[in-house]
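Source file: input-v2.txt. Holds: compact mmCIF, C-alpha atoms.
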# COMPACT_ATOMS: atom_id res chain seq x y z
CA MET T 337 91.56 68.99 98.64
CA ASN T 338 95.17 67.88 99.09
CA ASN T 339 95.52 64.43 100.71
CA SER T 340 97.78 65.60 103.52
CA THR T 341 95.38 68.47 104.32
CA GLU T 342 92.53 65.98 104.49
CA ASN T 343 94.61 63.75 106.78
CA LEU T 344 95.44 66.71 108.97
CA ILE T 345 91.75 67.66 109.29
CA ALA T 346 90.88 64.07 110.19
CA SER T 347 93.69 63.94 112.74
CA LEU T 348 92.69 67.29 114.30
CA SER T 349 89.02 66.29 114.53
CA GLN T 350 89.83 62.92 116.07
CA ASP T 351 89.51 62.92 119.88
CA LEU T 352 88.55 66.61 119.92
CA THR T 353 88.38 67.89 123.47
CA PRO T 354 86.05 70.70 124.68
CA VAL T 355 87.77 74.01 125.39
CA LYS T 356 87.01 76.81 127.83
CA ARG T 357 86.12 79.90 125.79
CA LEU T 358 88.15 83.04 126.30
CA ALA T 359 86.11 85.53 128.36
CA SER T 360 85.13 88.84 126.76
CA PRO T 361 87.71 91.67 126.92
CA ALA T 362 85.46 93.60 129.35
CA LYS T 363 85.38 90.68 131.82
CA ARG T 364 89.13 90.12 131.50
CA LEU T 365 89.69 93.85 132.06
CA LEU T 366 87.62 93.71 135.26
CA GLY T 367 89.67 90.72 136.39
CA TRP T 368 92.90 92.60 135.65
CA VAL T 369 91.84 95.67 137.66
CA ALA T 370 90.45 93.55 140.52
CA MET T 371 93.66 91.52 140.84
CA ALA T 372 96.36 94.05 140.01
CA MET T 373 95.08 97.32 141.44
CA PRO T 374 94.79 96.35 145.14
CA VAL T 375 98.27 94.76 145.06
CA SER T 376 99.71 97.81 143.30
CA LEU T 377 98.13 100.23 145.79
CA ILE T 378 99.11 98.21 148.87
CA LEU T 379 102.70 97.71 147.73
CA GLY T 380 102.95 101.36 146.66
CA ALA T 381 101.64 102.54 150.06
CA LEU T 382 103.99 100.19 151.94
CA VAL T 383 107.09 101.29 150.03
CA GLU T 384 106.19 104.96 150.42
CA GLN T 385 105.47 104.37 154.12
CA GLN T 386 109.04 103.09 154.50
CA SER T 387 110.43 106.13 152.68
CA PHE T 388 108.35 108.49 154.82
CA ALA T 389 109.53 106.78 157.97
CA LEU T 390 113.12 107.35 156.89
CA VAL T 391 112.78 110.94 155.68
CA PHE T 392 109.62 112.65 156.96
CA GLU T 393 108.63 110.94 160.16
CA GLU T 394 105.75 113.26 160.87
CA ARG T 395 103.89 112.53 157.61
CA GLN T 396 102.27 109.31 156.42
CA SER T 397 101.64 108.13 152.88
CA PHE T 398 97.96 107.68 153.75
CA GLN T 399 97.66 111.38 154.64
CA LEU T 400 99.20 112.34 151.31
CA ALA T 401 96.67 110.17 149.48
CA VAL T 402 93.79 111.88 151.32
CA GLU T 403 95.21 115.31 150.45
CA ARG T 404 95.47 114.41 146.80
CA LEU T 405 92.00 112.91 146.68
CA SER T 406 90.54 116.16 148.06
CA ASN T 407 92.30 118.30 145.45
CA ALA T 408 90.28 118.86 142.23
CA ARG T 409 93.31 118.98 139.94
CA SER T 410 94.81 115.82 141.41
CA LEU T 411 91.46 114.08 141.08
CA PHE T 412 91.21 115.12 137.43
CA GLU T 413 94.72 113.83 136.79
CA LEU T 414 93.93 110.55 138.57
CA ALA T 415 90.81 110.17 136.44
CA ALA T 416 92.85 110.70 133.26
CA ILE T 417 95.45 108.13 134.40
CA LEU T 418 92.78 105.59 135.35
CA MET T 419 90.94 106.10 132.05
CA THR T 420 94.24 105.60 130.19
CA ALA T 421 94.77 102.34 132.08
CA LEU T 422 91.24 101.07 131.43
CA THR T 423 91.03 102.04 127.75
CA ALA T 424 94.56 100.82 126.92
CA GLY T 425 93.94 97.60 128.87
CA TYR T 426 90.65 97.00 127.05
CA ALA T 427 92.31 97.69 123.68
CA ALA T 428 95.24 95.36 124.48
CA LEU T 429 92.86 92.55 125.45
CA CYS T 430 90.71 93.12 122.33
CA SER T 431 93.79 93.00 120.10
CA SER T 432 94.77 89.63 121.60
CA GLN T 433 91.53 88.07 120.33
CA PRO T 434 91.40 87.53 116.52
CA GLY T 435 88.41 88.93 114.69
CA ARG T 436 87.88 91.97 116.91
CA SER T 437 88.30 95.43 115.41
CA GLN T 438 91.90 96.62 115.43
CA LYS T 439 90.70 100.23 115.61
CA VAL T 440 90.33 99.89 119.39
CA TRP T 441 93.90 101.19 119.70
CA MET T 442 92.39 104.66 119.34
CA LEU T 443 90.48 104.36 122.63
CA PRO T 444 93.35 105.40 124.96
CA VAL T 445 94.51 108.30 122.76
CA LEU T 446 92.35 111.01 124.36
CA PRO T 447 92.89 110.08 128.05
CA PHE T 448 96.62 109.55 127.43
CA LEU T 449 96.97 112.95 125.75
CA THR T 450 95.07 114.53 128.66
CA TRP T 451 97.44 112.84 131.13
CA LEU T 452 100.49 114.01 129.14
CA ALA T 453 99.09 117.54 128.97
CA LEU T 454 98.66 117.61 132.76
CA ILE T 455 102.22 116.31 133.26
CA THR T 456 103.52 118.95 130.85
CA GLU T 457 101.68 121.64 132.81
CA SER T 458 103.16 120.33 136.09
CA CYS T 459 106.63 120.38 134.55
CA TRP T 460 106.13 123.93 133.28
CA GLN T 461 104.98 125.14 136.71
CA LEU T 462 108.00 123.47 138.32
CA PHE T 463 110.27 125.05 135.71
CA GLU T 464 108.85 128.50 136.49
CA GLN T 465 109.27 127.97 140.24
CA VAL T 466 112.84 126.63 140.30
CA GLY T 467 114.25 128.16 137.11
CA PRO T 468 116.37 126.58 134.37
CA ASP T 469 119.41 125.99 136.64
CA GLN T 470 117.56 123.76 139.11
CA PHE T 471 115.27 122.04 136.63
CA SER T 472 116.60 118.66 135.58
CA PHE T 473 115.47 115.59 133.68
CA ALA T 474 118.00 113.42 135.51
CA PRO T 475 116.59 110.19 136.96
CA HIS T 476 115.52 110.24 140.60
CA TRP T 477 116.81 106.90 141.85
CA ALA T 478 114.84 107.24 145.07
CA CYS T 479 111.61 106.99 143.03
CA TYR T 480 112.53 103.64 141.53
CA PRO T 481 111.35 101.37 144.42
CA SER T 482 107.91 103.01 144.22
CA VAL T 483 107.82 102.58 140.44
CA VAL T 484 108.66 98.87 140.79
CA ALA T 485 106.21 98.33 143.66
CA THR T 486 103.27 99.90 141.86
CA GLY T 487 104.09 98.60 138.37
CA ALA T 488 104.87 94.92 139.01
CA ALA T 489 101.37 93.53 139.59
CA PRO T 490 99.65 95.29 136.63
CA ALA T 491 102.38 94.09 134.24
CA LEU T 492 102.46 90.50 135.51
CA VAL T 493 98.68 90.03 135.52
CA MET T 494 98.46 91.58 132.03
CA VAL T 495 101.03 89.08 130.68
CA ILE T 496 99.02 86.18 132.12
CA LEU T 497 95.82 87.49 130.49
CA LEU T 498 97.46 88.12 127.12
CA LYS T 499 98.99 84.64 127.04
CA ARG T 500 95.50 83.13 127.05
CA GLY T 501 94.75 84.99 123.80
CA LEU T 502 96.49 85.03 120.41
CA LEU T 503 98.80 87.88 119.47
CA THR T 504 98.04 88.55 115.82
CA SER T 505 99.47 92.11 116.03
CA PRO T 506 102.22 91.69 118.66
CA THR T 507 103.65 95.22 118.40
CA LEU T 508 100.26 96.87 118.86
CA THR T 509 99.23 94.55 121.69
CA VAL T 510 102.51 94.90 123.60
CA GLY T 511 102.48 98.69 123.16
CA LEU T 512 98.95 98.94 124.53
CA ALA T 513 99.76 96.52 127.37
CA VAL T 514 102.80 98.60 128.39
CA LEU T 515 100.71 101.77 128.41
CA ALA T 516 97.90 100.10 130.37
CA ALA T 517 100.16 98.55 133.00
CA SER T 518 102.18 101.77 133.36
CA ALA T 519 99.02 103.81 133.81
CA LEU T 520 97.52 101.47 136.40
CA GLY T 521 100.83 101.54 138.28
CA ALA T 522 100.86 105.34 138.01
CA VAL T 523 97.55 105.53 139.94
CA GLY T 524 99.31 104.25 143.07
CA LEU T 525 102.32 106.40 142.35
CA ARG T 526 100.18 109.51 141.97
CA LEU T 527 98.38 108.79 145.26
CA PHE T 528 101.32 107.91 147.50
CA HIS T 529 104.51 109.26 145.94
CA PRO T 530 105.45 112.71 147.28
CA PRO T 531 107.00 114.38 144.17
CA ASP T 532 104.57 115.38 141.44
CA ALA T 533 104.39 113.04 138.46
CA THR T 534 106.86 114.39 135.96
CA VAL T 535 107.87 113.29 132.48
CA MET T 536 110.89 111.53 134.00
CA LEU T 537 108.67 109.58 136.40
CA LEU T 538 106.44 108.53 133.50
CA MET T 539 109.54 107.41 131.58
CA TRP T 540 110.67 105.32 134.55
CA GLN T 541 107.22 103.81 134.77
CA LEU T 542 107.24 102.84 131.07
CA ILE T 543 110.77 101.40 131.29
CA ALA T 544 109.87 99.39 134.39
CA THR T 545 106.73 98.03 132.75
CA VAL T 546 108.62 96.98 129.60
CA THR T 547 111.13 95.19 131.87
CA PHE T 548 108.33 93.41 133.76
CA LEU T 549 106.57 92.36 130.58
CA GLY T 550 109.85 91.09 129.09
CA LEU T 551 110.81 89.19 132.25
CA SER T 552 107.33 87.70 132.65
CA SER T 553 107.31 86.54 129.02
CA MET T 554 110.77 84.98 129.39
CA VAL T 555 109.80 83.16 132.59
CA SER T 556 106.56 81.99 131.01
CA ALA T 557 108.35 80.74 127.85
CA TYR T 558 110.91 78.94 130.05
CA MET T 559 108.16 77.29 132.10
CA SER T 560 106.30 76.17 128.94
CA HIS T 561 109.54 74.74 127.55
CA ARG T 562 110.17 72.87 130.81
CA ALA T 563 106.62 71.51 130.78
CA GLU T 564 107.36 69.83 127.43
CA MET U 140 73.28 77.19 93.26
CA THR U 141 74.22 80.77 94.18
CA ASP U 142 77.86 81.49 94.88
CA PRO U 143 78.11 82.65 98.52
CA ARG U 144 81.01 84.89 97.54
CA THR U 145 78.71 87.10 95.47
CA ASN U 146 75.41 86.80 97.35
CA PRO U 147 75.38 88.78 100.66
CA ASP U 148 72.54 86.72 102.16
CA ARG U 149 74.29 83.46 101.37
CA LYS U 150 77.51 84.93 102.76
CA ALA U 151 75.81 85.83 106.05
CA GLU U 152 74.14 82.44 106.21
CA GLN U 153 77.45 80.68 105.57
CA ASP U 154 79.10 82.72 108.33
CA ARG U 155 76.31 81.82 110.76
CA GLN U 156 76.69 78.14 109.85
CA TRP U 157 80.47 78.24 110.39
CA SER U 158 80.00 80.12 113.65
CA THR U 159 77.55 77.45 114.87
CA TRP U 160 79.93 74.65 113.89
CA MET U 161 82.79 76.39 115.69
CA ALA U 162 80.71 76.85 118.85
CA GLN U 163 79.84 73.14 118.72
CA ALA U 164 83.49 72.27 118.15
CA GLN U 165 84.44 74.32 121.21
CA ASP U 166 82.06 72.07 123.16
CA GLY U 167 83.84 68.99 121.77
CA ASP U 168 81.68 68.10 118.72
CA ALA U 169 84.21 66.37 116.39
CA VAL U 170 81.76 66.01 113.49
CA ALA U 171 80.94 69.74 113.41
CA TYR U 172 84.66 70.49 113.65
CA GLN U 173 85.56 68.25 110.72
CA LYS U 174 82.78 69.86 108.62
CA LEU U 175 84.00 73.31 109.57
CA LEU U 176 87.67 72.68 108.77
CA GLY U 177 86.75 71.09 105.44
CA ALA U 178 84.50 74.05 104.58
CA VAL U 179 86.99 76.80 105.43
CA VAL U 180 89.93 75.37 103.46
CA PRO U 181 88.98 77.15 100.18
CA LEU U 182 88.69 80.49 102.01
CA VAL U 183 92.01 79.97 103.80
CA ARG U 184 93.66 78.90 100.53
CA ALA U 185 92.37 82.07 98.83
CA ILE U 186 93.74 84.29 101.62
CA VAL U 187 97.13 82.57 101.55
CA GLY U 188 97.19 82.52 97.72
CA LYS U 189 96.92 86.32 97.59
CA ARG U 190 100.49 86.60 98.90
CA ILE U 191 102.14 83.29 98.00
CA ASN U 192 102.30 81.87 94.46
CA ASP U 193 103.94 78.46 94.93
CA PRO U 194 101.07 75.87 95.16
CA ASP U 195 103.08 73.50 97.41
CA LYS U 196 103.94 76.34 99.75
CA ILE U 197 100.30 77.47 99.79
CA GLU U 198 99.20 74.01 100.95
CA ASP U 199 101.87 74.06 103.70
CA VAL U 200 100.66 77.43 104.95
CA VAL U 201 97.00 76.31 104.76
CA GLN U 202 97.94 73.45 107.07
CA GLU U 203 99.77 75.87 109.37
CA VAL U 204 96.58 77.94 109.54
CA LEU U 205 94.48 74.86 110.38
CA LEU U 206 96.89 73.96 113.18
CA SER U 207 96.75 77.51 114.49
CA VAL U 208 92.94 77.46 114.36
CA HIS U 209 92.99 74.20 116.32
CA LYS U 210 95.41 75.48 118.93
CA ASN U 211 93.55 78.76 119.41
CA ARG U 212 89.95 77.61 118.99
CA HIS U 213 89.19 78.82 122.53
CA THR U 214 89.73 82.43 121.40
CA TYR U 215 86.67 82.43 119.12
CA ASP U 216 83.67 84.27 120.57
CA PRO U 217 80.45 82.78 119.08
CA SER U 218 78.69 86.16 119.43
CA LEU U 219 81.02 87.55 116.74
CA ALA U 220 81.28 86.80 113.01
CA PHE U 221 83.48 83.81 112.16
CA LYS U 222 85.19 84.99 108.96
CA PRO U 223 87.07 87.94 110.50
CA TRP U 224 88.39 85.54 113.17
CA ILE U 225 89.75 82.93 110.77
CA GLY U 226 90.78 85.65 108.28
CA THR U 227 92.99 87.32 110.90
CA ILE U 228 94.65 84.00 111.77
CA ALA U 229 95.18 83.12 108.09
CA GLN U 230 96.72 86.50 107.33
CA ARG U 231 99.00 86.30 110.36
CA ARG U 232 100.25 82.79 109.50
CA THR U 233 100.81 83.88 105.87
CA ILE U 234 102.96 86.79 107.01
CA ASP U 235 104.90 84.42 109.32
CA ALA U 236 105.45 82.02 106.39
CA LEU U 237 106.63 84.85 104.12
CA ARG U 238 109.09 86.04 106.77
CA LYS U 239 110.41 82.50 107.09
CA MET U 240 110.76 82.23 103.30
CA TYR U 241 112.64 85.54 103.08
CA ARG U 242 114.94 84.49 105.93
CA GLN U 243 115.71 81.19 104.22
CA GLY U 244 116.11 82.93 100.86
CA ALA U 245 118.72 85.23 102.33
CA HIS U 246 120.91 82.27 103.35
CA GLU U 247 120.25 79.65 100.68
CA THR U 248 121.10 79.61 96.96
CA LEU U 249 119.73 77.15 94.42
CA VAL U 250 122.47 75.51 92.33
CA ASP U 251 122.20 73.28 89.25
CA GLU U 252 125.18 71.20 90.27
CA TYR U 253 126.51 70.46 93.70
CA PRO U 254 129.93 72.08 94.24
CA GLU U 255 132.85 69.66 94.47
CA THR U 256 134.04 69.35 98.04
CA PHE U 257 136.77 66.68 98.14
CA LEU U 258 138.46 64.72 95.41
CA ALA U 259 137.18 61.31 96.55
CA ASP U 260 134.28 59.97 94.46
CA GLU U 261 132.06 59.19 97.46
CA THR U 262 131.99 62.83 98.52
CA ASN U 263 130.84 64.03 95.07
CA THR U 264 128.14 61.50 94.34
CA LEU U 265 124.60 62.85 94.29
CA PRO U 266 122.60 61.46 97.21
CA GLU U 267 119.89 59.93 94.98
CA ASP U 268 122.49 57.61 93.45
CA ASP U 269 123.24 56.06 96.79
CA LEU U 270 120.52 56.49 99.28
CA VAL U 271 117.06 55.15 99.11
CA PHE U 272 115.71 57.94 101.34
CA ALA U 273 116.45 60.59 98.71
CA LEU U 274 113.61 59.20 96.61
CA GLY U 275 110.39 60.83 97.80
CA ASP U 276 108.27 57.84 96.76
CA ASP U 277 110.33 55.49 98.89
CA LEU U 278 110.03 57.76 101.87
CA ASN U 279 106.27 57.95 101.41
CA ARG U 280 106.09 54.16 101.04
CA ALA U 281 108.15 53.73 104.21
CA LEU U 282 105.93 56.18 106.08
CA ASP U 283 102.83 54.34 104.90
CA THR U 284 104.07 51.15 106.51
CA LEU U 285 104.17 52.80 109.94
CA PRO U 286 101.26 52.41 112.38
CA ALA U 287 98.91 55.44 112.52
CA GLY U 288 100.28 56.78 115.83
CA GLN U 289 103.90 56.66 114.63
CA ARG U 290 102.96 58.26 111.30
CA THR U 291 101.19 61.11 113.13
CA ALA U 292 104.25 61.62 115.33
CA VAL U 293 106.59 61.86 112.31
CA GLU U 294 104.23 64.13 110.40
CA LEU U 295 103.71 66.58 113.27
CA LEU U 296 107.16 66.55 114.87
CA LYS U 297 109.45 66.18 111.86
CA LEU U 298 107.57 67.21 108.72
CA ARG U 299 105.58 70.04 110.32
CA GLU U 300 108.37 70.85 112.82
CA MET U 301 105.97 71.27 115.75
CA SER U 302 107.12 71.20 119.36
CA LEU U 303 106.11 68.23 121.51
CA LYS U 304 103.53 70.37 123.29
CA GLU U 305 101.97 71.62 120.04
CA ALA U 306 101.98 68.13 118.54
CA SER U 307 100.36 66.79 121.70
CA GLU U 308 97.61 69.43 121.49
CA ALA U 309 97.09 68.81 117.78
CA SER U 310 97.03 65.02 117.93
CA GLY U 311 95.49 64.45 121.34
CA MET U 312 98.39 62.09 122.19
CA SER U 313 100.33 62.65 125.41
CA VAL U 314 103.89 64.03 125.20
CA ALA U 315 105.26 60.71 126.49
CA ALA U 316 103.26 58.74 123.90
CA LEU U 317 104.56 61.03 121.13
CA LYS U 318 108.16 60.54 122.26
CA VAL U 319 107.76 56.76 122.27
CA ALA U 320 105.97 56.77 118.88
CA MET U 321 108.69 59.00 117.37
CA HIS U 322 111.47 56.82 118.69
CA ARG U 323 109.86 53.66 117.30
CA ALA U 324 109.09 55.36 113.97
CA LEU U 325 112.70 56.48 113.52
CA LYS U 326 113.96 53.03 114.39
CA SER U 327 111.61 51.47 111.88
CA LEU U 328 112.42 54.03 109.13
CA ARG U 329 116.14 53.63 109.73
CA ALA U 330 115.82 49.89 109.25
CA GLN U 331 113.94 50.38 105.96
CA MET U 332 116.14 53.11 104.55
CA VAL U 333 119.67 51.81 104.73
CA PRO U 334 121.79 53.04 101.80
CA LYS U 335 121.78 50.70 98.77
CA SER U 336 125.56 50.28 99.13
CA GLU U 337 125.05 48.78 102.58
CA GLN U 338 122.37 46.35 101.50

Let me see whether you can do it: turn the structure in this file into structure tokens.
Amino acid sequence: MNNSTENLIASLSQDLTPVKRLASPAKRLLGWVAMAMPVSLILGALVEQQSFALVFEERQSFQLAVERLSNARSLFELAAILMTALTAGYAALCSSQPGRSQKVWMLPVLPFLTWLALITESCWQLFEQVGPDQFSFAPHWACYPSVVATGAAPALVMVILLKRGLLTSPTLTVGLAVLAASALGAVGLRLFHPPDATVMLLMWQLIATVTFLGLSSMVSAYMSHRAE
Amino acid sequence: MTDPRTNPDRKAEQDRQWSTWMAQAQDGDAVAYQKLLGAVVPLVRAIVGKRINDPDKIEDVVQEVLLSVHKNRHTYDPSLAFKPWIGTIAQRRTIDALRKMYRQGAHETLVDEYPETFLADETNTLPEDDLVFALGDDLNRALDTLPAGQRTAVELLKLREMSLKEASEASGMSVAALKVAMHRALKSLRAQMVPKSEQ
């Protein structure tokens, strides 16, 4: 063995300190849902409550959530969104731990396709109702506060969890994390936001999550640099 | 003795042994850790050698992998096989090293003779004619005279280009201690390596 490699091994072994093992992806996923979901739902409900108070005083966001939870199609869509969040989150956390199978990226494919199919169906129904003249993919700026409120916590907590691991496939991990955080945020959006979830709303959700992940990473890198 | 690379039972046994050593290392067992790092070097060298041909460069990347293993040893789950874990890290660090080499290659050109810059003789004299520090042996001799702490600081911060935080994690020294050791090492090296013309 090369002398400098031997020296390095000796230096690394010297004064070795015990480390806290990274928890399993399933435990970290539970932690993510337990921390991010309540915050996302509460913030989403509060923001929507404000919007309702301004526009539709007679209705409350809570009533809308109850209506949607009693509707079979809405429930099915919520299940697909939640499954997308859980499977993508699990896959992202697995991919941040070396030695685990990289094939886990396939887990969210089916629930995500189901979610997209349901959104496409909603869009088609809307298109048939309002016609081509009224149908638009233009951004609805009024939806943005809700997107931010529901998406912030899932993205921030996911960044914290991923930073404890090691990104050996950064593109795959970040892609899965964006999908997971967007989907968990979309649960609150689907429950409390009055317009149906459309492709444009999903786009906003993805863009917002990418922004959160980017900002969180930058802040975290800055803090680490300062700590040095 | 059977070669573990060709015997599946020996391979599985070796993996179990490495996994046990790693679990012990995670609990702070320095002896198990030293055994493990010494044992995995041939495997890491083989993984790196598949993509990089230069033997010096291979050794550099092997050391990068060992540092990465050290920094991320908390990510190993003892219920899983050990080789896929270290294999993933070795492959990742090799790709990083190749990217770095390609980036450098795109900006640097090897020349047989240094281009003439100014007419004055001093500006066109090869460094090894004038400066003691251009001779690798002298640098090594000067480094050997440093106390262990200062030598570690130079090796990690300057030769391996680690950040203070990484060097602190790798060496177990505090950031402040590293800064002090580096400062003293540079002062000492500067004193030993004055150009011949100034002596």

Can you check which parts of chain T lie within 12 Å of chain U? Per residue, the shortest pair of atoms and distance in Å to one decimal, counting all atoms listed in the file, sorted by chain and number, as a tab-separated table.
residue	atom	partner	partner_atom	distance
T:Met337	CA	U:Val180	CA	8.2
T:Asn338	CA	U:Glu198	CA	7.6
T:Asn339	CA	U:Glu198	CA	10.3
T:Ser340	CA	U:Gln202	CA	8.6
T:Thr341	CA	U:Gln202	CA	6.2
T:Glu342	CA	U:Gly177	CA	7.8
T:Asn343	CA	U:Thr291	CA	9.5
T:Leu344	CA	U:Gln202	CA	7.4
T:Ile345	CA	U:Gln173	CA	6.4
T:Ala346	CA	U:Gln173	CA	6.8
T:Ser347	CA	U:Ser310	CA	6.3
T:Leu348	CA	U:Ala309	CA	5.8
T:Ser349	CA	U:Ala169	CA	5.2
T:Gln350	CA	U:Ala169	CA	6.6
T:Asp351	CA	U:Gly311	CA	6.3
T:Leu352	CA	U:Gly167	CA	5.6
T:Thr353	CA	U:Gly167	CA	5.0
T:Pro354	CA	U:Gly167	CA	4.0
T:Val355	CA	U:Gln165	CA	5.4
T:Lys356	CA	U:His213	CA	6.1
T:Arg357	CA	U:His213	CA	4.6
T:Leu358	CA	U:Thr214	CA	5.2
T:Ala359	CA	U:Asp216	CA	8.3
T:Ser360	CA	U:Asp216	CA	7.8
T:Pro361	CA	U:Asp216	CA	10.6
T:Leu429	CA	U:Thr214	CA	11.3
T:Cys430	CA	U:Thr214	CA	10.8
T:Ser431	CA	U:Thr227	CA	10.8
T:Ser432	CA	U:Thr214	CA	8.8
T:Gln433	CA	U:Thr214	CA	6.0
T:Pro434	CA	U:Trp224	CA	4.9
T:Gly435	CA	U:Trp224	CA	3.7
T:Arg436	CA	U:Trp224	CA	7.5
T:Ser437	CA	U:Pro223	CA	9.0
T:Gln438	CA	U:Thr227	CA	10.4
T:Leu498	CA	U:Thr214	CA	11.2
T:Lys499	CA	U:Asn211	CA	11.1
T:Arg500	CA	U:Thr214	CA	8.1
T:Gly501	CA	U:Thr214	CA	6.1
T:Leu502	CA	U:Asn211	CA	7.0
T:Leu503	CA	U:Arg231	CA	9.2
T:Thr504	CA	U:Arg231	CA	6.0
T:Ser505	CA	U:Arg231	CA	8.1
T:Pro506	CA	U:Arg231	CA	10.4
T:Ser560	CA	U:Lys304	CA	8.6
T:His561	CA	U:Lys304	CA	8.6
T:Arg562	CA	U:Lys304	CA	10.3
T:Ala563	CA	U:Lys304	CA	8.2
T:Glu564	CA	U:Lys304	CA	5.7

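We find CA of Gly511 in chain T and CA of Ala236 in chain U to be spaced 23.8 Å apart.
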
Just want the 8 Å neighbourhood of Leu405 in chain T, counted on all atoms listed in the file, with same-chain residues fewer than 5 positions away dropped. Output as a list in words.
Ser410, Leu411 and Leu527 of chain T

Which polymer residues have any atom within 6 Å of an atom of range 513-525 of chain T, counting all atoms listed in the file, with same-chain residues fewer than 2 positions away left out, as a list in words?
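With the cut-off at 6 Å, the set is Leu377, Gly380, Ile417, Ala421, Ala424, Gly425, Ala428, Thr486, Gly487, Pro490, Ala491, Val510, Gly511, Leu527, Phe528, His529, Gln541, Leu542 and Thr545 of chain T.
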
Using CA of Cys479 in chain T and CA of Val383 in chain T as the two end points, give the distance in Å to one decimal.
10.1 Å

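Distance-wise, CA of Ala415 in chain T and CA of Pro447 in chain T end up 8.6 Å apart.
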
Let me know the centre plus edge lengths, in Å and rounded to one decimal, of a box with edges along x, y and z that contains all listed atoms of range 200-214 of chain U and is padded by 6 Å on every side, as JSON.
{"center_x": 94.9, "center_y": 77.9, "center_z": 113.6, "size_x": 23.5, "size_y": 21.0, "size_z": 29.8}
